[in-house]
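*Asks:* My structure is stored as input.cif, with mmCIF, C-alpha atoms; chains and numbers go by the auth columns.
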data_run
#
loop_
_atom_site.group_PDB
_atom_site.id
_atom_site.type_symbol
_atom_site.label_atom_id
_atom_site.label_comp_id
_atom_site.label_asym_id
_atom_site.label_seq_id
_atom_site.Cartn_x
_atom_site.Cartn_y
_atom_site.Cartn_z
_atom_site.B_iso_or_equiv
_atom_site.auth_seq_id
_atom_site.auth_asym_id
ATOM 1 C CA MET A 1 134.627 86.312 99.962 0.00 1 P
ATOM 2 C CA SER A 2 130.948 85.434 99.919 0.00 2 P
ATOM 3 C CA GLY A 3 128.483 86.428 102.608 0.00 3 P
ATOM 4 C CA ALA A 4 125.422 84.537 103.774 0.00 4 P
ATOM 5 C CA MET A 5 122.631 84.429 101.247 0.00 5 P
ATOM 6 C CA GLN A 6 119.612 86.521 102.152 0.00 6 P
ATOM 7 C CA PRO A 7 116.416 84.453 102.322 0.00 7 P
ATOM 8 C CA GLU A 8 113.692 85.051 99.794 0.00 8 P
ATOM 9 C CA PRO A 9 111.086 87.529 101.039 0.00 9 P
ATOM 10 C CA LEU A 10 107.616 86.180 101.660 0.00 10 P
ATOM 11 C CA PRO A 11 105.038 87.207 99.054 0.00 11 P
ATOM 12 C CA LEU A 12 102.103 89.453 99.940 0.00 12 P
ATOM 13 C CA ALA A 13 98.416 88.535 99.771 0.00 13 P
ATOM 14 C CA PHE A 14 95.859 91.305 100.237 0.00 14 P
ATOM 15 C CA CYS A 15 92.582 90.834 102.103 0.00 15 P
ATOM 16 C CA CYS A 16 89.765 93.373 102.144 0.00 16 P
ATOM 17 C CA PHE A 17 86.669 92.981 104.329 0.00 17 P
ATOM 18 C CA THR A 18 84.170 94.798 102.154 0.00 18 P
ATOM 19 C CA CYS A 19 80.454 95.267 101.611 0.00 19 P
ATOM 20 C CA ARG A 20 77.992 96.406 98.953 0.00 20 P
ATOM 21 C CA ARG A 21 78.310 100.040 100.063 0.00 21 P
ATOM 22 C CA ASP A 22 81.878 100.105 98.706 0.00 22 P
ATOM 23 C CA GLU A 23 81.283 98.058 95.548 0.00 23 P
ATOM 24 C CA ALA A 24 81.910 101.082 93.273 0.00 24 P
ATOM 25 C CA LEU A 25 85.339 101.640 94.854 0.00 25 P
ATOM 26 C CA LEU A 26 86.677 98.137 94.288 0.00 26 P
ATOM 27 C CA PRO A 27 87.866 98.459 90.650 0.00 27 P
ATOM 28 C CA PHE A 28 90.071 101.427 91.684 0.00 28 P
ATOM 29 C CA HIS A 29 91.114 99.627 94.866 0.00 29 P
ATOM 30 C CA TYR A 30 92.148 96.473 92.983 0.00 30 P
ATOM 31 C CA ALA A 31 93.942 98.389 90.214 0.00 31 P
ATOM 32 C CA ALA A 32 95.994 100.333 92.782 0.00 32 P
ATOM 33 C CA ILE A 33 97.078 97.126 94.533 0.00 33 P
ATOM 34 C CA GLN A 34 98.130 95.596 91.216 0.00 34 P
ATOM 35 C CA LEU A 35 100.174 98.693 90.338 0.00 35 P
ATOM 36 C CA ALA A 36 101.913 98.607 93.727 0.00 36 P
ATOM 37 C CA SER A 37 102.332 94.824 93.931 0.00 37 P
ATOM 38 C CA PRO A 38 101.902 93.273 90.457 0.00 38 P
ATOM 39 C CA GLY A 39 100.325 89.842 90.475 0.00 39 P
ATOM 40 C CA ALA A 40 99.576 89.827 94.202 0.00 40 P
ATOM 41 C CA PRO A 41 96.421 87.911 95.127 0.00 41 P
ATOM 42 C CA VAL A 42 93.558 90.106 96.329 0.00 42 P
ATOM 43 C CA VAL A 43 90.808 88.493 98.398 0.00 43 P
ATOM 44 C CA TYR A 44 87.521 90.292 99.028 0.00 44 P
ATOM 45 C CA ALA A 45 85.893 88.884 102.183 0.00 45 P
ATOM 46 C CA VAL A 46 82.147 89.478 101.885 0.00 46 P
ATOM 47 C CA ASP A 47 79.285 88.586 104.190 0.00 47 P
ATOM 48 C CA ALA A 48 77.107 85.705 102.961 0.00 48 P
ATOM 49 C CA ALA A 49 74.144 88.079 102.519 0.00 49 P
ATOM 50 C CA GLU A 50 76.118 90.111 99.943 0.00 50 P
ATOM 51 C CA GLN A 51 78.025 87.402 98.090 0.00 51 P
ATOM 52 C CA ASP A 52 76.429 88.434 94.774 0.00 52 P
ATOM 53 C CA MET A 53 78.558 91.617 94.717 0.00 53 P
ATOM 54 C CA VAL A 54 80.422 92.286 91.468 0.00 54 P
ATOM 55 C CA LEU A 55 84.148 92.073 92.199 0.00 55 P
ATOM 56 C CA PRO A 56 87.099 93.102 90.018 0.00 56 P
ATOM 57 C CA GLU A 57 88.219 90.518 87.488 0.00 57 P
ATOM 58 C CA GLY A 58 91.252 88.672 88.826 0.00 58 P
ATOM 59 C CA SER A 59 90.273 89.034 92.484 0.00 59 P
ATOM 60 C CA ARG A 60 88.866 86.281 94.660 0.00 60 P
ATOM 61 C CA LEU A 61 85.620 86.141 96.636 0.00 61 P
ATOM 62 C CA LEU A 62 85.740 84.728 100.162 0.00 62 P
ATOM 63 C CA VAL A 63 82.333 84.402 101.835 0.00 63 P
ATOM 64 C CA THR A 64 82.170 84.869 105.610 0.00 64 P
ATOM 65 C CA SER A 65 79.317 83.952 107.944 0.00 65 P
ATOM 66 C CA TRP A 66 80.344 85.478 111.282 0.00 66 P
ATOM 67 C CA ASP A 67 78.355 88.403 112.681 0.00 67 P
ATOM 68 C CA ARG A 68 79.813 91.747 111.561 0.00 68 P
ATOM 69 C CA ARG A 69 77.362 93.833 113.601 0.00 69 P
ATOM 70 C CA GLY A 70 77.258 96.257 110.693 0.00 70 P
ATOM 71 C CA ASN A 71 80.842 97.524 110.552 0.00 71 P
ATOM 72 C CA LEU A 72 83.092 94.735 111.892 0.00 72 P
ATOM 73 C CA ILE A 73 82.164 95.321 115.534 0.00 73 P
ATOM 74 C CA GLY A 74 82.420 92.882 118.440 0.00 74 P
ATOM 75 C CA GLN A 75 84.362 89.777 119.385 0.00 75 P
ATOM 76 C CA ASN A 76 82.805 87.552 116.720 0.00 76 P
ATOM 77 C CA ALA A 77 84.042 89.950 114.051 0.00 77 P
ATOM 78 C CA LEU A 78 87.452 90.273 115.729 0.00 78 P
ATOM 79 C CA VAL A 79 87.959 86.498 115.824 0.00 79 P
ATOM 80 C CA GLY A 80 86.480 86.138 112.321 0.00 80 P
ATOM 81 C CA ILE A 81 88.952 88.666 110.897 0.00 81 P
ATOM 82 C CA LEU A 82 91.910 86.899 112.519 0.00 82 P
ATOM 83 C CA HIS A 83 90.802 83.477 111.265 0.00 83 P
ATOM 84 C CA THR A 84 90.264 84.869 107.764 0.00 84 P
ATOM 85 C CA LEU A 85 93.727 86.454 107.703 0.00 85 P
ATOM 86 C CA LYS A 86 95.197 83.166 108.929 0.00 86 P
ATOM 87 C CA GLN A 87 93.394 81.336 106.120 0.00 87 P
ATOM 88 C CA VAL A 88 94.797 83.756 103.529 0.00 88 P
ATOM 89 C CA ALA A 89 98.304 83.345 104.979 0.00 89 P
ATOM 90 C CA GLU A 90 98.047 79.561 104.783 0.00 90 P
ATOM 91 C CA GLU A 91 96.503 79.334 101.321 0.00 91 P
ATOM 92 C CA TYR A 92 99.012 81.658 99.666 0.00 92 P
ATOM 93 C CA ASN A 93 102.027 80.990 101.943 0.00 93 P
ATOM 94 C CA ALA A 94 102.212 84.761 102.189 0.00 94 P
ATOM 95 C CA VAL A 95 102.058 87.683 104.572 0.00 95 P
ATOM 96 C CA PRO A 96 98.392 88.748 104.687 0.00 96 P
ATOM 97 C CA VAL A 97 97.844 92.475 104.263 0.00 97 P
ATOM 98 C CA LYS A 98 94.505 93.718 105.572 0.00 98 P
ATOM 99 C CA ILE A 99 93.456 96.767 103.557 0.00 99 P
ATOM 100 C CA ASP A 100 90.205 98.717 103.731 0.00 100 P
ATOM 101 C CA SER A 101 88.210 99.205 100.552 0.00 101 P
ATOM 102 C CA ASP A 102 88.513 103.002 100.765 0.00 102 P
ATOM 103 C CA ILE A 103 92.337 102.925 100.779 0.00 103 P
ATOM 104 C CA MET A 104 94.410 103.404 97.630 0.00 104 P
ATOM 105 C CA LEU A 105 97.712 101.523 98.016 0.00 105 P
ATOM 106 C CA THR A 106 100.628 103.481 96.527 0.00 106 P
ATOM 107 C CA GLY A 107 103.599 101.278 97.374 0.00 107 P
ATOM 108 C CA THR A 108 104.892 98.301 99.369 0.00 108 P
ATOM 109 C CA GLU A 109 108.379 99.367 100.473 0.00 109 P
ATOM 110 C CA TRP A 110 107.048 99.895 104.012 0.00 110 P
ATOM 111 C CA LEU A 111 106.197 96.157 104.061 0.00 111 P
ATOM 112 C CA ARG A 112 109.752 95.029 103.330 0.00 112 P
ATOM 113 C CA SER A 113 110.732 94.206 106.940 0.00 113 P
ATOM 114 C CA ILE A 114 107.718 91.984 107.586 0.00 114 P
ATOM 115 C CA ARG A 115 108.325 90.121 104.323 0.00 115 P
ATOM 116 C CA TYR A 116 111.741 89.164 105.723 0.00 116 P
ATOM 117 C CA LYS A 117 110.132 88.075 109.030 0.00 117 P
ATOM 118 C CA GLU A 118 111.758 90.907 110.978 0.00 118 P
ATOM 119 C CA LEU A 119 108.380 92.075 112.314 0.00 119 P
ATOM 120 C CA GLY A 120 105.237 90.429 113.640 0.00 120 P
ATOM 121 C CA MET A 121 103.005 93.292 112.485 0.00 121 P
ATOM 122 C CA VAL A 122 103.432 96.571 110.644 0.00 122 P
ATOM 123 C CA GLY A 123 100.723 99.129 109.962 0.00 123 P
ATOM 124 C CA ILE A 124 99.887 102.704 109.076 0.00 124 P
ATOM 125 C CA CYS A 125 98.273 105.004 111.641 0.00 125 P
ATOM 126 C CA PRO A 126 95.443 107.435 111.071 0.00 126 P
ATOM 127 C CA GLY A 127 96.062 111.024 112.096 0.00 127 P
ATOM 128 C CA GLN A 128 94.743 110.849 115.654 0.00 128 P
ATOM 129 C CA LEU A 129 95.825 107.364 116.818 0.00 129 P
ATOM 130 C CA PHE A 130 99.076 105.444 117.195 0.00 130 P
ATOM 131 C CA CYS A 131 97.955 102.055 115.928 0.00 131 P
ATOM 132 C CA ALA A 132 96.813 100.534 112.667 0.00 132 P
ATOM 133 C CA SER A 133 93.212 101.639 112.306 0.00 133 P
ATOM 134 C CA GLY A 134 91.015 102.053 109.270 0.00 134 P
ATOM 135 C CA ALA A 135 93.788 101.830 106.714 0.00 135 P
ATOM 136 C CA CYS A 136 96.240 99.032 106.078 0.00 136 P
ATOM 137 C CA TYR A 137 98.429 96.603 108.009 0.00 137 P
ATOM 138 C CA ALA A 138 100.353 93.366 107.518 0.00 138 P
ATOM 139 C CA ILE A 139 100.518 90.666 110.163 0.00 139 P
ATOM 140 C CA GLN A 140 102.522 87.449 110.302 0.00 140 P
ATOM 141 C CA ARG A 141 100.731 84.117 110.731 0.00 141 P
ATOM 142 C CA PRO A 142 102.481 83.348 114.098 0.00 142 P
ATOM 143 C CA THR A 143 101.231 86.702 115.428 0.00 143 P
ATOM 144 C CA ILE A 144 97.690 85.881 114.300 0.00 144 P
ATOM 145 C CA GLU A 145 97.865 82.481 116.007 0.00 145 P
ATOM 146 C CA ALA A 146 99.250 83.992 119.221 0.00 146 P
ATOM 147 C CA ALA A 147 96.507 86.649 119.246 0.00 147 P
ATOM 148 C CA LEU A 148 93.826 83.970 118.814 0.00 148 P
ATOM 149 C CA ALA A 149 95.363 81.936 121.647 0.00 149 P
ATOM 150 C CA TYR A 150 95.347 85.037 123.861 0.00 150 P
ATOM 151 C CA ILE A 151 91.620 85.500 123.185 0.00 151 P
ATOM 152 C CA GLU A 152 90.849 81.794 123.663 0.00 152 P
ATOM 153 C CA ARG A 153 92.531 81.820 127.089 0.00 153 P
ATOM 154 C CA GLY A 154 89.964 84.411 128.165 0.00 154 P
ATOM 155 C CA PHE A 155 92.363 87.331 128.522 0.00 155 P
ATOM 156 C CA TYR A 156 90.326 89.392 126.051 0.00 156 P
ATOM 157 C CA PHE A 157 86.553 89.799 126.021 0.00 157 P
ATOM 158 C CA ASP A 158 84.031 92.303 124.719 0.00 158 P
ATOM 159 C CA ALA A 159 83.259 95.368 126.791 0.00 159 P
ATOM 160 C CA ALA A 160 80.345 97.780 126.648 0.00 160 P
ATOM 161 C CA GLY A 161 80.556 100.210 123.748 0.00 161 P
ATOM 162 C CA ILE A 162 82.463 99.878 120.505 0.00 162 P
ATOM 163 C CA ARG A 163 86.057 98.754 120.120 0.00 163 P
ATOM 164 C CA VAL A 164 87.493 99.254 116.651 0.00 164 P
ATOM 165 C CA GLU A 165 88.734 95.896 115.412 0.00 165 P
ATOM 166 C CA ASP A 166 91.998 97.172 113.899 0.00 166 P
ATOM 167 C CA GLU A 167 92.936 98.995 117.093 0.00 167 P
ATOM 168 C CA THR A 168 92.273 95.845 119.119 0.00 168 P
ATOM 169 C CA ILE A 169 94.335 93.683 116.745 0.00 169 P
ATOM 170 C CA SER A 170 97.148 96.244 116.992 0.00 170 P
ATOM 171 C CA MET A 171 97.139 95.961 120.779 0.00 171 P
ATOM 172 C CA LEU A 172 96.942 92.161 120.708 0.00 172 P
ATOM 173 C CA ALA A 173 99.904 92.032 118.304 0.00 173 P
ATOM 174 C CA ALA A 174 101.931 94.270 120.615 0.00 174 P
ATOM 175 C CA LEU A 175 101.055 92.071 123.604 0.00 175 P
ATOM 176 C CA VAL A 176 102.034 88.744 122.022 0.00 176 P
ATOM 177 C CA ASN A 177 105.245 89.894 120.274 0.00 177 P
ATOM 178 C CA PRO A 178 108.666 90.637 121.785 0.00 178 P
ATOM 179 C CA PRO A 179 109.517 94.356 122.093 0.00 179 P
ATOM 180 C CA GLY A 180 110.314 95.983 118.784 0.00 180 P
ATOM 181 C CA ARG A 181 108.486 93.441 116.634 0.00 181 P
ATOM 182 C CA VAL A 182 105.401 95.626 116.029 0.00 182 P
ATOM 183 C CA LEU A 183 105.863 98.830 114.044 0.00 183 P
ATOM 184 C CA PHE A 184 103.368 101.583 113.214 0.00 184 P
ATOM 185 C CA TYR A 185 104.179 104.250 110.660 0.00 185 P
ATOM 186 C CA GLN A 186 102.447 107.600 110.944 0.00 186 P
ATOM 187 C CA TYR A 187 100.345 108.263 107.839 0.00 187 P
ATOM 188 C CA ALA A 188 102.201 111.522 107.053 0.00 188 P
ATOM 189 C CA TYR A 189 105.681 110.000 107.065 0.00 189 P
ATOM 190 C CA PRO A 190 108.510 112.499 106.477 0.00 190 P
ATOM 191 C CA HIS A 191 108.488 113.506 102.804 0.00 191 P
ATOM 192 C CA ALA A 192 105.601 111.163 101.897 0.00 192 P
ATOM 193 C CA VAL A 193 101.948 110.389 102.534 0.00 193 P
ATOM 194 C CA LEU A 194 101.597 106.665 103.217 0.00 194 P
ATOM 195 C CA ALA A 195 97.803 106.431 103.263 0.00 195 P
ATOM 196 C CA SER A 196 94.874 108.393 101.942 0.00 196 P
ATOM 197 C CA ILE A 197 91.171 107.564 102.062 0.00 197 P
ATOM 198 C CA PHE A 198 89.131 107.896 98.886 0.00 198 P
ATOM 199 C CA LYS A 199 85.361 107.697 98.463 0.00 199 P
ATOM 200 C CA ALA A 200 82.891 107.263 95.626 0.00 200 P
ATOM 201 C CA GLU A 201 81.909 110.933 95.712 0.00 201 P
ATOM 202 C CA HIS A 202 85.497 111.877 94.890 0.00 202 P
ATOM 203 C CA PHE A 203 84.803 110.632 91.367 0.00 203 P
#
Would you mind writing the file out in structure tokens?

*Replies:*
Amino acid sequence: MSGAMQPEPLPLAFCCFTCRRDEALLPFHYAAIQLASPGAPVVYAVDAAEQDMVLPEGSRLLVTSWDRRGNLIGQNALVGILHTLKQVAEEYNAVPVKIDSDIMLTGTEWLRSIRYKELGMVGICPGQLFCASGACYAIQRPTIEAALAYIERGFYFDAAGIRVEDETISMLAALVNPPGRVLFYQYAYPHAVLASIFKAEHF
């Protein structure tokens, strides 16, 4: 008796919004991704002013021109990130994984559900927040498109002060998905550490 065949999981494509400050980290960053997900495309999205950065061999440069306000702050950066992730999803027919340049990826098992389209977004939380912020998350293309539509309808706009882009994307994903389709793992998951920041001075 044969059961229904399970569909093929979507591949992963990694996208890192980086800058010259973190250039020294990128060889370690890229090598860790390739150990965790061999052969996965890795896109480094760099502002036009810093497009001469030296990137790891095998990675891809994607030049952006939207205003980052220094550290990916403001609505232009928010919309720019979403459009860039959508572009990566389309070009590679993959689930885009946004990963910061100071994060060392150690595995992809936590991404399994989104690869089978069971989730709209999955991410890893920092210690003090319950959202994907400053680490790593994966987001399906339909969720990206729904978040952009939400913004375009005027339901979201910049407020005074600083809103962290990953936290805002986490909230948008939760708003545009049915209940249970957005999942955040705590960074210190039982019996394992899912995320750890590393910096140049560590070496």

*Asks:* What's around P:Gln186 at 8 Å? Count all atoms listed in the file, leave out sequence neighbours fewer than 6 positions away in its own chain, and write the answer as a short mmCIF file (atom, residue, chain, number, x, y, z; two decimals) with C-alpha atoms, keeping the file's coordinate frame.

*Replies:*
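Written output follows (out.cif):
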data_model
loop_
_atom_site.label_atom_id
_atom_site.label_comp_id
_atom_site.auth_asym_id
_atom_site.auth_seq_id
_atom_site.Cartn_x
_atom_site.Cartn_y
_atom_site.Cartn_z
CA ILE P 124 99.89 102.70 109.08
CA CYS P 125 98.27 105.00 111.64
CA PRO P 126 95.44 107.44 111.07
CA GLY P 127 96.06 111.02 112.10
CA PHE P 130 99.08 105.44 117.20
CA LEU P 194 101.60 106.66 103.22
#

*Asks:* Of the candidates P:Gln140, P:Gln6, P:Ser133, P:Thr84, which one gets nearest to P:Ser170 if we count all atoms listed in the file?

*Replies:*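 Counting all atoms listed in the file, the residue closest to P:Ser170 is P:Ser133.
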
*Asks:* Quick one: residues within 12 Å of P:Glu90, all atoms listed in the file counted, chain neighbours fewer than 3 positions away excluded, as a list of chain:residue names?

*Replies:*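 So, after excluding close chain neighbours, the residues are P:Pro11, P:Leu12, P:Ala13, P:His83, P:Thr84, P:Leu85, P:Lys86, P:Gln87, P:Asn93, P:Ala94, P:Val95, P:Pro96, P:Gln140, P:Arg141, P:Pro142, P:Ile144, P:Glu145.
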
*Asks:* Would you mind telling me which residue in P:Thr108, P:Thr143, P:Gln51, P:Asn177 lies nearest to P:Ile33 when using only C-alpha atoms?

*Replies:*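 Between P:Thr108, P:Thr143, P:Gln51, P:Asn177, the residue approaching P:Ile33 most closely is P:Thr108.
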
*Asks:* Check what the PyMOL selection byres ((chain P and resi 79) around 12) selects in the file above and give those residues as a ChimeraX atom specification.

*Replies:* /P:64-68,72-78,80-86,144-145,147-152,156-158,165-166,168-169,172

*Asks:* Report the distance between atom CA of P:Leu25 and atom CA of P:Val54 in Å, rounded to one decimal place.

*Replies:*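 We find that atom CA of P:Leu25 and atom CA of P:Val54 lie 11.1 Å from each other.
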
*Asks:* To test your reading of the syntax: which residues would the PyMOL selection byres ((chain P and resi 44) around 9) return for the file shown? Reply as a list in words.

*Replies:* Phe14, Cys15, Cys16, Phe17, Thr18, Val42, Val43, Ala45, Val46, Leu55, Ser59, Arg60, Leu61, Leu62 and Val63 of chain P

*Asks:* I'd like the interatomic distance between atom CA of P:Cys19 and atom CA of P:Glu109, to a tenth of an Å.

*Replies:*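 Atom CA of P:Glu109 lies at a distance of 28.2 Å from atom CA of P:Cys19.
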
*Asks:* To one decimal place in Å, what is the distance between atom CA of P:Ala138 and atom CA of P:Pro41?

*Replies:*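 Between these atoms lies a distance of 14.1 Å.
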
*Asks:* Which residues are close to P:Ala31, i.e. within 10 Å by all atoms listed in the file, leaving aside same-chain residues fewer than 5 positions away? Reply as a ChimeraX atom specification.

*Replies:* /P:26,36-38,56,104-105

*Asks:* Draw an axis-aligned box over all listed atoms of stretch 89-108 of chain P, pad each side with 4 Å, and write its centre and edge lengths in Å, one decimal, as JSON.

*Replies:*
{"center_x": 96.6, "center_y": 91.4, "center_z": 101.0, "size_x": 24.7, "size_y": 32.1, "size_z": 17.0}
